[in-house]
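Chemist: I am attaching a structure below and will ask some questions about it afterwards.
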Amino acid sequence: MTAPVVLTIVSESTSSPRIEAFKAPVGTRDVLPPESARWQRLIADFAAQVGRAGYGLVQSPMFEEIGVFNRMGEGTDVVRKEMYDFLDKGDRHLALRPEGTASVARAYIQHRPATPWKVWYAAPNFRYERPQAGRFRQHHQLGLEALGSLDPDLDVEVISLLWDFYASIGLRQVELVLNSMGTAEDRRRYINDIRSWLVGRIGDLDPADAEKVEAHPMRVLDSKRPTTIAAIVDAPRITDRLSDEAMVRFERVQAGLVSLGVPFRLEPRLVRGLDYYTHTTFEFVSSALDAAQSTIGGGGRYDGLVESLGGPATPGIGFGSGVERVLLTCDAEGVFDAVEQRVDVYVIDTAGGDAGRDLSVELRRAGIAAERSFDGRSMKSQMKSADKSGAALVLIIGGDESESGTVTIRDLRGDTGQETVDRVAVVAVVATRLS
């Protein structure tokens with residue numbers, strides 16, 4: 001048998017081929033320190049706010065069977081063209097989560113927790129849409145859902161929690177916009193009315209909205225296109241067609257908000273973009289942002305969603321608020337600034353590094369934030385790093401300290417100078433000086 005021939009190709013170039021560096025995909029971004037610490041603080045503040053009202057954290061999968069999200073409405077842009085959907089290796093049709101409510105409803109159906117089931121989440125969502133200020137193809141949402149109660153006072157609780165959260169982080173230029181979609185029957189009746197009204201004015205609408213009139217007329221009311229907005233100024237209002245049951249309920253919600261000191265503006269054209277909403281719908285808009293990006297949070301009641309996903313008839317209400325959009329609003333108002341992380345102590349070791357390594361860990365185990373240098377850097381270089389770290393104290397272990405079993409403590413912020421203490425006592429001394 002003839003031996004195989006192996007060909008080796010040698011490049012005549014003396015330099016390696018240039019490898020183009022990867023970047024984050026379009027519509028996504030990296031969140032780096034210190035900005036990431038701001039994110040942590042925002043989520044922690046939200047968790048504390050809603051936790052006091054009995055809401056617990058829920059973590060749902062990043063992807064679901066596509067049918068879970070199709071129930072949001074076949075005519076919505078989210079379902080028609082914005083979802084990231086794919087077939088996995090088992091030929092299952094899945095989609096990355098475009099919003100949080102449907103996944104929580106699916107989890108409720110699967111696990112059947114006791115009601116009212118009150119949960120919150122902080123999670124990434126994915127939509128293939130044009131990136132804009134505060135909105136990315138991978139965006140992050142704070143959300144809350146309450147399932148199992150029809151009580152309009154629960155609507156008041158949910159709305160007031162989001163209002164109070166915005167206030168707690170310093171936002172003041174925020175307005176609550178409120179409407180009611182009525183019962184499912186009210187909604188169906190109104191859809192027929194508004195379709196007939198729009199058909200008579202279809203030539204006045206933006207062409208992109210005119211396409212929606214027959215199959216999804218309420219989408220036209222949600223349009224942000226100037227031509228359409230001007231054409232529907234006199235459109236029939238759903239609040240003029242609410243049943244007595246729906247009107248009594250809506251009045252209870254309004255009275256509750258007034259009692260809690262939560263101001264609002266009624267907006268009959270607020271229908272929200274997804275098909276599952278009934279009764280209360282709401283948005284929070286910021287006057288500190290451009291109109292196109294002014295909505296920073298919103299939600300409503302969705303009493304038919306669980307049933308449409310195959311579960312028992314279960315009322316629900318919730319909201320979502322984009323982390324990126326909220327922080328953009330904070331920037332516009334000059335509140336909730338990023339706070340650079342600082343350490344309490346910086347350990348400098350010029351005697352080999354072992355003592356600095358061990359002492360740093362010992363300090364952290366005692367609850368003291370401690371940082372150190374690596375790579376055997378000089379005393380001067382390590383002192384520069386200590387200054388940049390913002391540490392209050394520097395612990396120095398040089399040759400003399402290593403031989404004598406001591407550590408020199410130098411105060412970088414006050415006027416106490418420095419002292420040398422036994423190695424075994426240094427953690428207790430540091431704790432006392434930082435207290």
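By order of appearance in the structure tokens: chains A, B, ..., then residues from 1 within every chain, and ligands from 1 in the order shown.
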If we count only C-alpha atoms and set the cut-off at 10 Å, which residues sit around segment 369-374 of chain A, ignoring sequence neighbours fewer than 4 positions away in its own chain? Please answer as a PyMOL selection string.
Modeler: chain A and resi 342-350+353+356-357+359-365+378+381-383+385-386+389+391+393-395
Chemist: Do you know which residues are at most 10 Å from Gly148 of chain A counting only C-alpha atoms, after dropping those on the same chain fewer than 3 positions away, and could you put them as an mmCIF file with C-alpha atoms, in the first residue's frame?
Modeler:
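Contents of around_28.cif, freshly written:
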data_model
loop_
_atom_site.group_PDB
_atom_site.id
_atom_site.type_symbol
_atom_site.label_atom_id
_atom_site.label_comp_id
_atom_site.auth_asym_id
_atom_site.auth_seq_id
_atom_site.Cartn_x
_atom_site.Cartn_y
_atom_site.Cartn_z
ATOM 1 C CA TYR A 108 -47.784 28.950 37.437
ATOM 2 C CA PRO A 113 -48.464 27.330 43.692
ATOM 3 C CA ALA A 114 -50.935 28.621 46.267
ATOM 4 C CA THR A 115 -52.635 31.878 45.339
ATOM 5 C CA PRO A 116 -52.293 34.740 45.394
ATOM 6 C CA TRP A 117 -48.908 33.941 43.858
ATOM 7 C CA LYS A 118 -46.770 37.077 44.093
ATOM 8 C CA ASP A 151 -59.498 42.276 43.718
ATOM 9 C CA ASP A 303 -57.249 37.702 33.405
ATOM 10 C CA ALA A 313 -59.063 30.404 34.661
ATOM 11 C CA THR A 314 -56.762 32.551 36.810
ATOM 12 C CA PRO A 315 -56.717 36.343 37.035
ATOM 13 C CA GLY A 316 -53.403 38.155 37.064
ATOM 14 C CA ILE A 317 -51.740 41.539 36.960
#
Chemist: Of the candidates A:Leu162, A:Val253, A:Val50, A:Ala392, which one gets nearest to Leu150 of chain A if we count only C-alpha atoms?
Modeler: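 Using only C-alpha atoms, the shortest distance to Leu150 of chain A belongs to A:Val253.
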Chemist: For the atom pair atom CA of Ala338 of chain A and atom CA of Ser36 of chain A, what is the interatomic distance in Å to one decimal place?
Modeler: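 Atom CA of Ala338 of chain A sits 8.5 Å away from atom CA of Ser36 of chain A.
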Chemist: Within 10 Å of Ala107 of chain A, counting only C-alpha atoms, which residues qualify if same-chain residues fewer than 5 places away don't, as a ChimeraX atom specification?
Modeler: /A:58-61,101-102,112-113,306
Chemist: Could you tell me which of A:Ala133, A:Val248, A:Val220, A:Val426 comes closest to Leu328 of chain A if we count only C-alpha atoms?
Modeler: A:Ala133
Chemist: List every residue of segment 67-296 of chain A that DSSP, applied to the backbone of this structure, assigns to alpha helix (DSSP H), and report them as a ChimeraX atom specification.
Modeler: /A:67-70,77,101-111,152-168,184-199,207-210,217-221,226-231,244-259
Chemist: If DSSP is run on the backbone, what residues of segment 137-343 of chain A are strand (DSSP E)? A reply as a ChimeraX atom specification would be ideal.
Modeler: /A:138-147,174-180,265-266,278-286,295-301,316-322
Chemist: Give me, as a ChimeraX atom specification, all polymer residues having an atom no more than 7 Å from Pro236 of chain A, counting only C-alpha atoms and skipping those fewer than 2 positions away in the same chain.
Modeler: /A:194,234,238
Chemist: I want to know what sits within 12 Å of Asp290 of chain A, based on only C-alpha atoms, with residues of the same chain fewer than 2 positions away left out; could you give that as a VMD selection string?
Modeler: chain A and resid 132 to 134 285 to 288 292 to 296 325 328 to 329 332
Chemist: Go through A:Gly200, A:Pro152, A:Gly170, A:Gly390 and flag the residue nearest Val335 of chain A, using only C-alpha atoms for the distances.
Modeler: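 For Val335 of chain A, the nearest of the given residues is A:Gly170.
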Chemist: Within 8 Å of Ile109 of chain A, counting only C-alpha atoms, which residues qualify if same-chain residues fewer than 5 places away don't, as a compact mmCIF listing (two decimals) with C-alpha atoms, in the first residue's frame?
Modeler:
# COMPACT_ATOMS: atom_id res chain seq x y z
CA VAL A 306 -53.31 31.59 32.06
CA GLY A 310 -53.90 25.66 28.98
CA GLY A 311 -54.27 26.42 32.68
CA PRO A 312 -57.30 27.06 34.86
Chemist: Residues near Gly352 of chain A, anyone? I mean within 12 Å using only C-alpha atoms, not counting same-chain ones fewer than 5 positions away, as a JSON list (two decimals) with N, CA and C atoms, in the first residue's frame.
Modeler:
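Below you can see around_4.json, which holds the result:
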[["chain", "number", "residue", "atom", "x", "y", "z"],
["A", 357, "ARG", "N", -0.91, 37.46, 50.61],
["A", 357, "ARG", "CA", -1.98, 36.56, 50.16],
["A", 357, "ARG", "C", -2.83, 36.11, 51.34],
["A", 358, "ASP", "N", -2.17, 35.60, 52.38],
["A", 358, "ASP", "CA", -2.89, 35.03, 53.51],
["A", 358, "ASP", "C", -3.63, 36.09, 54.32],
["A", 373, "SER", "N", -1.83, 43.63, 45.59],
["A", 373, "SER", "CA", -1.17, 43.57, 44.29],
["A", 373, "SER", "C", -0.67, 42.16, 44.01],
["A", 374, "PHE", "N", -0.36, 41.92, 42.75],
["A", 374, "PHE", "CA", 0.22, 40.65, 42.32],
["A", 374, "PHE", "C", 1.49, 40.92, 41.50],
["A", 375, "ASP", "N", 2.16, 39.87, 41.14],
["A", 375, "ASP", "CA", 3.31, 39.91, 40.22],
["A", 375, "ASP", "C", 4.55, 40.57, 40.81],
["A", 376, "GLY", "N", 4.66, 40.59, 42.15],
["A", 376, "GLY", "CA", 5.90, 41.07, 42.77],
["A", 376, "GLY", "C", 6.25, 42.50, 42.44],
["A", 377, "ARG", "N", 5.29, 43.38, 42.36],
["A", 377, "ARG", "CA", 5.53, 44.77, 42.00],
["A", 377, "ARG", "C", 6.27, 45.52, 43.12],
["A", 378, "SER", "N", 6.87, 46.64, 42.74],
["A", 378, "SER", "CA", 7.67, 47.43, 43.69],
["A", 378, "SER", "C", 6.77, 48.11, 44.72],
["A", 379, "MET", "N", 7.42, 48.57, 45.80],
["A", 379, "MET", "CA", 6.70, 49.29, 46.84],
["A", 379, "MET", "C", 6.02, 50.53, 46.26],
["A", 397, "ILE", "N", 3.76, 44.88, 54.55],
["A", 397, "ILE", "CA", 4.61, 43.77, 54.99],
["A", 397, "ILE", "C", 5.87, 43.79, 54.14],
["A", 398, "GLY", "N", 6.95, 44.38, 54.70],
["A", 398, "GLY", "CA", 8.24, 44.39, 54.03],
["A", 398, "GLY", "C", 9.18, 43.39, 54.68],
["A", 399, "GLY", "N", 10.45, 43.51, 54.38],
["A", 399, "GLY", "CA", 11.42, 42.57, 54.94],
["A", 399, "GLY", "C", 11.48, 42.63, 56.46],
["A", 401, "GLU", "N", 9.17, 43.71, 58.61],
["A", 401, "GLU", "CA", 7.93, 43.19, 59.19],
["A", 401, "GLU", "C", 7.89, 41.66, 59.10],
["A", 402, "SER", "N", 8.36, 41.13, 57.97],
["A", 402, "SER", "CA", 8.34, 39.68, 57.79],
["A", 402, "SER", "C", 9.21, 38.99, 58.84]]
Chemist: Compare A:Glu99, A:Asp222, A:Asp204, A:Glu251 by their minimum atom-to-atom distance to Phe319 of chain A, counting only C-alpha atoms, and give me the closest one.
Modeler: A:Glu99
